[in-house]
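Source file data-v9.pdb; content: PDB, C-alpha atoms.
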```
ATOM      1  CA  MET W   1       0.667 -15.908   1.270
ATOM      2  CA  CYS W   2      -2.675 -14.232   0.619
ATOM      3  CA  ARG W   3      -6.241 -15.289   1.429
ATOM      4  CA  PHE W   4      -9.192 -15.081  -0.946
ATOM      5  CA  LEU W   5     -12.863 -15.865  -1.445
ATOM      6  CA  ALA W   6     -15.010 -16.351  -4.549
ATOM      7  CA  TYR W   7     -18.802 -16.658  -4.630
ATOM      8  CA  ARG W   8     -21.278 -17.562  -7.368
ATOM      9  CA  GLY W   9     -24.979 -18.082  -6.756
ATOM     10  CA  GLU W  10     -28.118 -16.227  -5.739
ATOM     11  CA  PRO W  11     -27.440 -12.506  -5.217
ATOM     12  CA  ILE W  12     -26.339 -11.734  -1.655
ATOM     13  CA  PHE W  13     -24.817  -8.768   0.122
ATOM     14  CA  LEU W  14     -21.030  -9.026   0.123
ATOM     15  CA  ASP W  15     -20.774  -8.536   3.888
ATOM     16  CA  GLU W  16     -22.526 -11.890   4.461
ATOM     17  CA  LEU W  17     -19.276 -13.620   3.466
ATOM     18  CA  VAL W  18     -16.556 -10.968   3.483
ATOM     19  CA  CYS W  19     -17.241  -9.467   6.936
ATOM     20  CA  ALA W  20     -19.899 -11.287   8.973
ATOM     21  CA  PRO W  21     -18.707 -14.901   9.546
ATOM     22  CA  ALA W  22     -16.627 -15.749  12.615
ATOM     23  CA  HIS W  23     -13.585 -16.474  10.439
ATOM     24  CA  SER W  24     -14.478 -14.091   7.627
ATOM     25  CA  LEU W  25     -11.988 -12.852   5.081
ATOM     26  CA  VAL W  26     -11.617  -9.622   7.063
ATOM     27  CA  HIS W  27     -10.835 -11.719  10.155
ATOM     28  CA  GLN W  28      -8.340 -13.756   8.126
ATOM     29  CA  SER W  29      -6.545 -10.567   7.118
ATOM     30  CA  LEU W  30      -5.377 -10.402  10.730
ATOM     31  CA  HIS W  31      -5.690 -14.012  11.926
ATOM     32  CA  ALA W  32      -5.251 -16.535   9.094
ATOM     33  CA  VAL W  33      -4.692 -20.074  10.364
ATOM     34  CA  GLU W  34      -3.742 -22.052   7.243
ATOM     35  CA  ALA W  35      -1.265 -19.645   5.666
ATOM     36  CA  LYS W  36       2.501 -19.196   5.976
ATOM     37  CA  THR W  37       1.826 -15.814   7.575
ATOM     38  CA  GLU W  38      -1.007 -15.081   9.995
ATOM     39  CA  THR W  39      -1.332 -11.459   8.900
ATOM     40  CA  ASN W  40      -2.412 -10.403   5.406
ATOM     41  CA  GLY W  41      -2.201  -6.649   5.722
ATOM     42  CA  ASP W  42      -0.637  -5.491   2.443
ATOM     43  CA  GLY W  43      -3.869  -4.268   0.921
ATOM     44  CA  PHE W  44      -7.109  -5.872  -0.210
ATOM     45  CA  GLY W  45      -9.582  -5.825  -3.058
ATOM     46  CA  ILE W  46     -13.076  -6.840  -4.095
ATOM     47  CA  GLY W  47     -14.511  -7.313  -7.565
ATOM     48  CA  TRP W  48     -18.211  -7.849  -8.203
ATOM     49  CA  TYR W  49     -20.727  -8.148 -11.039
ATOM     50  CA  GLY W  50     -23.867  -6.021 -11.010
ATOM     51  CA  GLU W  51     -26.065  -4.743 -13.803
ATOM     52  CA  ARG W  52     -23.255  -4.448 -16.340
ATOM     53  CA  SER W  53     -21.095  -7.094 -18.005
ATOM     54  CA  GLU W  54     -17.838  -5.666 -16.660
ATOM     55  CA  PRO W  55     -17.155  -5.963 -12.937
ATOM     56  CA  GLY W  56     -16.820  -3.192 -10.395
ATOM     57  CA  ILE W  57     -13.513  -3.023  -8.515
ATOM     58  CA  TYR W  58     -12.483  -1.576  -5.165
ATOM     59  CA  ARG W  59      -8.834  -1.965  -4.144
ATOM     60  CA  GLU W  60      -6.959  -0.320  -1.304
ATOM     61  CA  VAL W  61      -3.495  -0.467   0.266
ATOM     62  CA  ARG W  62      -4.788  -0.230   3.837
ATOM     63  CA  PRO W  63      -5.301  -3.496   5.759
ATOM     64  CA  ALA W  64      -8.809  -4.880   5.347
ATOM     65  CA  TRP W  65      -9.404  -4.909   9.100
ATOM     66  CA  SER W  66      -8.935  -1.131   9.373
ATOM     67  CA  ASP W  67     -10.875   0.137   6.360
ATOM     68  CA  GLU W  68     -14.363   1.323   7.305
ATOM     69  CA  ASN W  69     -15.157   1.950   3.620
ATOM     70  CA  LEU W  70     -14.827  -1.766   2.880
ATOM     71  CA  ARG W  71     -17.431  -2.693   5.484
ATOM     72  CA  SER W  72     -19.812   0.040   4.319
ATOM     73  CA  LEU W  73     -19.476  -0.980   0.681
ATOM     74  CA  CYS W  74     -19.996  -4.666   1.458
ATOM     75  CA  GLU W  75     -23.144  -3.840   3.436
ATOM     76  CA  GLN W  76     -24.656  -2.052   0.422
ATOM     77  CA  VAL W  77     -23.539  -4.086  -2.605
ATOM     78  CA  ARG W  78     -25.482  -7.197  -3.611
ATOM     79  CA  SER W  79     -24.010  -9.525  -6.247
ATOM     80  CA  LYS W  80     -24.444 -12.975  -7.736
ATOM     81  CA  LEU W  81     -20.709 -13.335  -8.401
ATOM     82  CA  PHE W  82     -17.845 -11.664  -6.582
ATOM     83  CA  PHE W  83     -14.187 -12.047  -5.605
ATOM     84  CA  ALA W  84     -12.499 -10.765  -2.433
ATOM     85  CA  HIS W  85      -8.787 -10.899  -1.607
ATOM     86  CA  VAL W  86      -6.494  -9.871   1.260
ATOM     87  CA  ARG W  87      -2.820  -9.574   0.368
ATOM     88  CA  ALA W  88       0.432 -10.623   1.991
ATOM     89  CA  SER W  89       3.194  -9.376  -0.292
ATOM     90  CA  THR W  90       5.927 -11.777  -1.356
ATOM     91  CA  GLY W  91       8.298  -8.968  -2.204
ATOM     92  CA  THR W  92       6.613  -6.480  -4.532
ATOM     93  CA  SER W  93       5.507  -3.091  -3.259
ATOM     94  CA  THR W  94       2.251  -2.325  -1.480
ATOM     95  CA  THR W  95       0.428  -0.257  -4.083
ATOM     96  CA  ARG W  96      -3.154  -0.206  -5.311
ATOM     97  CA  ALA W  97      -2.055  -1.553  -8.703
ATOM     98  CA  ASN W  98      -0.568  -4.612  -6.971
ATOM     99  CA  CYS W  99      -3.752  -5.446  -5.068
ATOM    100  CA  HIS W 100      -6.041  -8.201  -6.329
ATOM    101  CA  PRO W 101      -8.325  -8.959  -8.075
ATOM    102  CA  PHE W 102      -7.061  -8.010 -11.516
ATOM    103  CA  THR W 103      -9.463  -7.257 -14.335
ATOM    104  CA  HIS W 104      -9.468  -7.250 -18.121
ATOM    105  CA  GLY W 105     -12.779  -6.458 -19.781
ATOM    106  CA  ARG W 106     -15.362  -8.723 -18.228
ATOM    107  CA  TYR W 107     -12.753 -11.034 -16.658
ATOM    108  CA  LEU W 108     -11.575 -11.185 -13.037
ATOM    109  CA  PHE W 109      -8.527 -13.004 -11.665
ATOM    110  CA  MET W 110      -6.913 -13.353  -8.236
ATOM    111  CA  HIS W 111      -3.992 -15.400  -6.975
ATOM    112  CA  ASN W 112      -2.440 -16.798  -3.815
ATOM    113  CA  GLY W 113       1.108 -18.138  -4.042
ATOM    114  CA  GLN W 114       4.351 -17.074  -5.603
ATOM    115  CA  ILE W 115       6.892 -17.659  -8.337
ATOM    116  CA  GLY W 116      10.108 -18.607  -6.569
ATOM    117  CA  GLY W 117      12.976 -16.369  -7.625
ATOM    118  CA  TYR W 118      10.555 -14.118  -9.490
ATOM    119  CA  GLY W 119      13.026 -11.238  -9.761
ATOM    120  CA  ARG W 120      15.394 -13.434 -11.764
ATOM    121  CA  ILE W 121      12.833 -14.224 -14.481
ATOM    122  CA  LYS W 122      10.589 -11.141 -14.344
ATOM    123  CA  ARG W 123      11.929  -9.544 -17.536
ATOM    124  CA  ARG W 124      11.782 -12.784 -19.528
ATOM    125  CA  LEU W 125       8.311 -13.577 -18.247
ATOM    126  CA  GLU W 126       7.020 -10.149 -19.216
ATOM    127  CA  SER W 127       8.518 -10.524 -22.695
ATOM    128  CA  LEU W 128       6.068 -13.397 -23.319
ATOM    129  CA  ILE W 129       3.084 -11.058 -22.871
ATOM    130  CA  PRO W 130       1.898  -9.579 -26.206
ATOM    131  CA  ASP W 131       2.015  -5.801 -26.579
ATOM    132  CA  GLU W 132      -1.761  -5.400 -26.633
ATOM    133  CA  LEU W 133      -2.016  -7.123 -23.244
ATOM    134  CA  TYR W 134       1.164  -5.649 -21.798
ATOM    135  CA  ASP W 135      -0.528  -2.256 -22.019
ATOM    136  CA  ARG W 136      -2.746  -3.568 -19.196
ATOM    137  CA  ARG W 137       0.287  -4.218 -16.974
ATOM    138  CA  LEU W 138      -0.300  -1.644 -14.238
ATOM    139  CA  GLY W 139       1.578  -3.251 -11.355
ATOM    140  CA  THR W 140       4.715  -5.286 -10.691
ATOM    141  CA  THR W 141       3.435  -8.568  -9.239
ATOM    142  CA  ASP W 142       4.012 -12.071 -10.529
ATOM    143  CA  SER W 143       0.240 -12.594 -10.166
ATOM    144  CA  GLU W 144      -0.669  -9.946 -12.733
ATOM    145  CA  ALA W 145       2.010 -11.237 -15.108
ATOM    146  CA  ILE W 146       0.575 -14.764 -14.868
ATOM    147  CA  PHE W 147      -2.925 -13.431 -15.584
ATOM    148  CA  LEU W 148      -1.870 -11.502 -18.678
ATOM    149  CA  LEU W 149       0.182 -14.408 -20.021
ATOM    150  CA  ALA W 150      -2.734 -16.777 -19.427
ATOM    151  CA  LEU W 151      -5.016 -14.418 -21.378
ATOM    152  CA  ALA W 152      -2.516 -14.570 -24.243
ATOM    153  CA  ASN W 153      -2.588 -18.362 -23.995
ATOM    154  CA  GLY W 154      -6.355 -18.520 -24.499
ATOM    155  CA  LEU W 155      -7.726 -18.246 -20.961
ATOM    156  CA  PRO W 156     -11.200 -17.064 -22.058
ATOM    157  CA  GLU W 157     -11.595 -19.972 -24.519
ATOM    158  CA  ASP W 158     -10.133 -22.843 -22.448
ATOM    159  CA  PRO W 159      -9.297 -21.795 -18.885
ATOM    160  CA  VAL W 160      -7.801 -25.128 -17.790
ATOM    161  CA  THR W 161      -5.524 -25.708 -20.789
ATOM    162  CA  ALA W 162      -4.486 -22.052 -20.921
ATOM    163  CA  MET W 163      -3.467 -22.057 -17.266
ATOM    164  CA  ALA W 164      -1.646 -25.366 -17.699
ATOM    165  CA  ARG W 165       0.324 -23.888 -20.595
ATOM    166  CA  THR W 166       1.108 -20.757 -18.584
ATOM    167  CA  LEU W 167       2.390 -22.705 -15.576
ATOM    168  CA  LYS W 168       4.576 -24.827 -17.841
ATOM    169  CA  GLN W 169       6.066 -21.697 -19.398
ATOM    170  CA  VAL W 170       6.828 -20.209 -15.986
ATOM    171  CA  ARG W 171       8.430 -23.461 -14.808
ATOM    172  CA  SER W 172      10.550 -23.562 -17.954
ATOM    173  CA  LEU W 173      11.851 -20.052 -17.259
ATOM    174  CA  MET W 174      12.610 -21.008 -13.664
ATOM    175  CA  ASN W 175      14.504 -24.114 -14.752
ATOM    176  CA  GLU W 176      16.514 -22.144 -17.292
ATOM    177  CA  ALA W 177      17.456 -19.669 -14.558
ATOM    178  CA  GLY W 178      18.450 -22.462 -12.173
ATOM    179  CA  ILE W 179      15.866 -21.463  -9.580
ATOM    180  CA  ASP W 180      15.355 -24.026  -6.806
ATOM    181  CA  GLU W 181      12.521 -22.191  -5.046
ATOM    182  CA  ALA W 182       8.998 -23.464  -5.652
ATOM    183  CA  LEU W 183       6.211 -22.216  -7.884
ATOM    184  CA  ARG W 184       3.061 -22.351  -5.771
ATOM    185  CA  PHE W 185      -0.264 -21.425  -7.280
ATOM    186  CA  THR W 186      -3.866 -21.228  -6.186
ATOM    187  CA  ALA W 187      -6.068 -18.854  -8.126
ATOM    188  CA  ALA W 188      -9.595 -18.055  -9.276
ATOM    189  CA  PHE W 189     -10.821 -16.796 -12.636
ATOM    190  CA  THR W 190     -14.262 -15.836 -13.928
ATOM    191  CA  ASP W 191     -15.866 -14.500 -17.086
ATOM    192  CA  GLY W 192     -18.814 -13.105 -15.147
ATOM    193  CA  GLU W 193     -20.894 -16.275 -15.499
ATOM    194  CA  ASN W 194     -18.653 -19.297 -14.978
ATOM    195  CA  LEU W 195     -15.892 -19.751 -12.412
ATOM    196  CA  TRP W 196     -12.629 -21.683 -12.360
ATOM    197  CA  ALA W 197     -10.277 -22.234  -9.427
ATOM    198  CA  TYR W 198      -6.833 -23.836  -9.521
ATOM    199  CA  ARG W 199      -4.569 -25.545  -6.983
ATOM    200  CA  TRP W 200      -1.078 -26.517  -8.094
ATOM    201  CA  ALA W 201       2.586 -26.438  -7.030
ATOM    202  CA  CYS W 202       5.767 -27.830  -8.524
ATOM    203  CA  ASP W 203       6.732 -29.312  -5.130
ATOM    204  CA  ALA W 204       3.298 -30.834  -4.382
ATOM    205  CA  LYS W 205       2.791 -28.293  -1.573
ATOM    206  CA  PRO W 206       0.191 -25.920  -3.020
ATOM    207  CA  PRO W 207      -1.594 -23.413  -0.774
ATOM    208  CA  THR W 208      -4.903 -24.581   0.658
ATOM    209  CA  LEU W 209      -8.136 -24.257  -1.322
ATOM    210  CA  TYR W 210     -11.653 -25.326  -0.311
ATOM    211  CA  PHE W 211     -15.137 -25.184  -1.789
ATOM    212  CA  ARG W 212     -18.700 -25.687  -0.656
ATOM    213  CA  GLU W 213     -21.914 -25.836  -2.691
ATOM    214  CA  ILE W 214     -25.296 -25.450  -1.026
ATOM    215  CA  ASP W 215     -28.526 -25.214  -3.056
ATOM    216  CA  GLY W 216     -26.543 -24.246  -6.151
ATOM    217  CA  ASN W 217     -24.595 -21.506  -4.363
ATOM    218  CA  LEU W 218     -20.837 -22.036  -4.668
ATOM    219  CA  LEU W 219     -18.213 -20.647  -2.315
ATOM    220  CA  VAL W 220     -14.460 -21.081  -2.918
ATOM    221  CA  VAL W 221     -12.016 -20.024  -0.192
ATOM    222  CA  SER W 222      -8.380 -20.208   0.825
ATOM    223  CA  GLU W 223      -9.560 -21.427   4.213
ATOM    224  CA  PRO W 224     -13.062 -22.035   5.609
ATOM    225  CA  ILE W 225     -14.895 -18.999   6.948
ATOM    226  CA  ASP W 226     -16.698 -21.150   9.533
ATOM    227  CA  ASP W 227     -16.584 -24.667  11.019
ATOM    228  CA  LYS W 228     -14.710 -27.111   8.758
ATOM    229  CA  THR W 229     -17.390 -29.732   9.315
ATOM    230  CA  ARG W 230     -20.005 -27.626   7.525
ATOM    231  CA  GLY W 231     -19.721 -29.194   4.095
ATOM    232  CA  TRP W 232     -16.280 -27.945   3.067
ATOM    233  CA  ARG W 233     -14.321 -30.007   0.548
ATOM    234  CA  GLU W 234     -10.675 -29.538  -0.332
ATOM    235  CA  VAL W 235      -9.777 -28.992  -3.971
ATOM    236  CA  PRO W 236      -7.321 -31.846  -4.680
ATOM    237  CA  LYS W 237      -3.693 -31.013  -5.354
ATOM    238  CA  GLY W 238      -2.934 -30.536  -9.035
ATOM    239  CA  CYS W 239      -6.583 -29.953  -9.941
ATOM    240  CA  SER W 240      -8.985 -27.294 -11.205
ATOM    241  CA  LEU W 241     -12.497 -26.622  -9.994
ATOM    242  CA  VAL W 242     -14.848 -25.872 -12.899
ATOM    243  CA  ALA W 243     -18.215 -24.248 -12.116
ATOM    244  CA  LYS W 244     -20.508 -23.782 -15.094
ATOM    245  CA  ALA W 245     -24.271 -23.456 -15.347
ATOM    246  CA  GLY W 246     -25.776 -26.369 -13.420
ATOM    247  CA  SER W 247     -22.534 -28.198 -12.637
ATOM    248  CA  VAL W 248     -19.447 -28.089 -10.456
ATOM    249  CA  THR W 249     -16.715 -30.537 -11.445
ATOM    250  CA  VAL W 250     -13.039 -31.156 -10.746
ATOM    251  CA  GLU W 251     -10.564 -31.516 -13.614
ATOM    252  CA  CYS W 252      -6.944 -32.632 -13.378
ATOM    253  CA  LEU W 253      -4.606 -29.737 -14.089
ATOM    254  CA  ASN W 254      -1.638 -32.108 -14.031
ATOM    255  CA  GLN W 255      -3.179 -34.120 -16.863
ATOM    256  CA  ALA W 256      -3.728 -30.948 -18.871
ATOM    257  CA  MET W 257      -0.064 -30.075 -18.407
ATOM    258  CA  GLY W 258       0.928 -33.602 -19.398
ATOM    259  CA  ARG W 259      -1.049 -33.388 -22.630
ATOM    260  CA  LEU W 260       0.851 -30.242 -23.540
ATOM    261  CA  ALA W 261       4.129 -32.061 -23.023
ATOM    262  CA  ALA W 262       3.136 -34.896 -25.360
TER     263      ALA W 262
END
```
Please express the file's structure as structure tokens.
Amino acid sequence: MCRFLAYRGEPIFLDELVCAPAHSLVHQSLHAVEAKTETNGDGFGIGWYGERSEPGIYREVRPAWSDENLRSLCEQVRSKLFFAHVRASTGTSTTRANCHPFTHGRYLFMHNGQIGGYGRIKRRLESLIPDELYDRRLGTTDSEAIFLLALANGLPEDPVTAMARTLKQVRSLMNEAGIDEALRFTAAFTDGENLWAYRWACDAKPPTLYFREIDGNLLVVSEPIDDKTRGWREVPKGCSLVAKAGSVTVECLNQAMGRLAA
């Protein structure tokens, strides 16, 4: 399983969260404590918003702990909204195209989790992605496939319903293929202004996801980057965190999926 971090608030230098804290994301790339694997060394990536509407991206196949360029970049880049991700592959190759976050226009997406038995449904899952979005398929991960399918399902217009529909489609393919392994899904998505984060699993064992808001500055993480007593709240299982201008709320992803089934 991977580890990730998303920030939205007053502009800060990326290294304040990605590198500096005692249990920073770079530290978690080697010593995660709430993941299935302690080491997340199959590449990393950062995506940030600056003066333009589309985000900048830096992705690399080297482990985050050994890349001096990552630290230098984070010390120089200031952003009001950014994603950072360290990867632990669940089977697909370690290539730059498979590193998170993924981008499409002004949108950013990153994922922690896996589609159980992904190889058995990969072709059918990809067939659900429209041609105009499939052209953006640069890698081989289940994460990128989920992102592109969610875009086709209306992710920019209604991020909660679109992701609920996407997860239902993936589960349907898994059931048809007789796959017993779990679909586990935590993820973050942004349009450059608002931010959504999701925590869901078909077996009620989703990967961890926390958030903290201080003075209007929101931080979403796979695991806390400092002491757990410092205002961290867990995103409930089966829910979505919705951060729009002036508000941070929790919506039930399970209910959204249930409405689609009605």
Can you list, as a ChimeraX atom specification, the residues that the PyMOL selection byres ((chain W and resi 65) around 8) selects here? /W:26-27,29-30,63-64,66-67
Can I get the selection written as a tab-separated table (two decimals), keeping the file's coordinate frame, with C-alpha atoms?
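As written to disk, out14.tsv reads:
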```tsv
chain	number	residue	atom	x	y	z
W	26	VAL	CA	-11.62	-9.62	7.06
W	27	HIS	CA	-10.84	-11.72	10.15
W	29	SER	CA	-6.54	-10.57	7.12
W	30	LEU	CA	-5.38	-10.40	10.73
W	63	PRO	CA	-5.30	-3.50	5.76
W	64	ALA	CA	-8.81	-4.88	5.35
W	66	SER	CA	-8.94	-1.13	9.37
W	67	ASP	CA	-10.88	0.14	6.36
```
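The gap separating CA of Ala145 (chain W) from CA of Leu125 (chain W) is 7.4 Å, in Å to one decimal.
Candidate residues W:Asn112, W:Thr94, W:Ser72, W:Asn217 were compared for distance to Ser247 (chain W), and the nearest is W:Asn217, using only C-alpha atoms.
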Any idea what's packed within 10 Å of Ile214 (chain W), counting only C-alpha atoms, ignoring anything in its chain fewer than 3 positions away? Could you give it as a ChimeraX atom specification? /W:9,217-219,231
Using all atoms listed in the file, which residue out of W:Asp158, W:Ile129, W:Cys74, W:Gly139 lies closest to Thr92 (chain W)? W:Gly139
Explicit residue set for the PyMOL selection byres ((chain W and resi 256) around 12), as a PyMOL selection string: chain W and resi 158-168+200+238-240+251-255+257-262
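Distances from W:Leu5, W:Pro21, W:Val86, W:Arg78 to Gly41 (chain W) were compared using only C-alpha atoms, and the smallest one belongs to W:Val86.
One finds CA of Ile115 (chain W) at 20.2 Å from CA of Pro130 (chain W).
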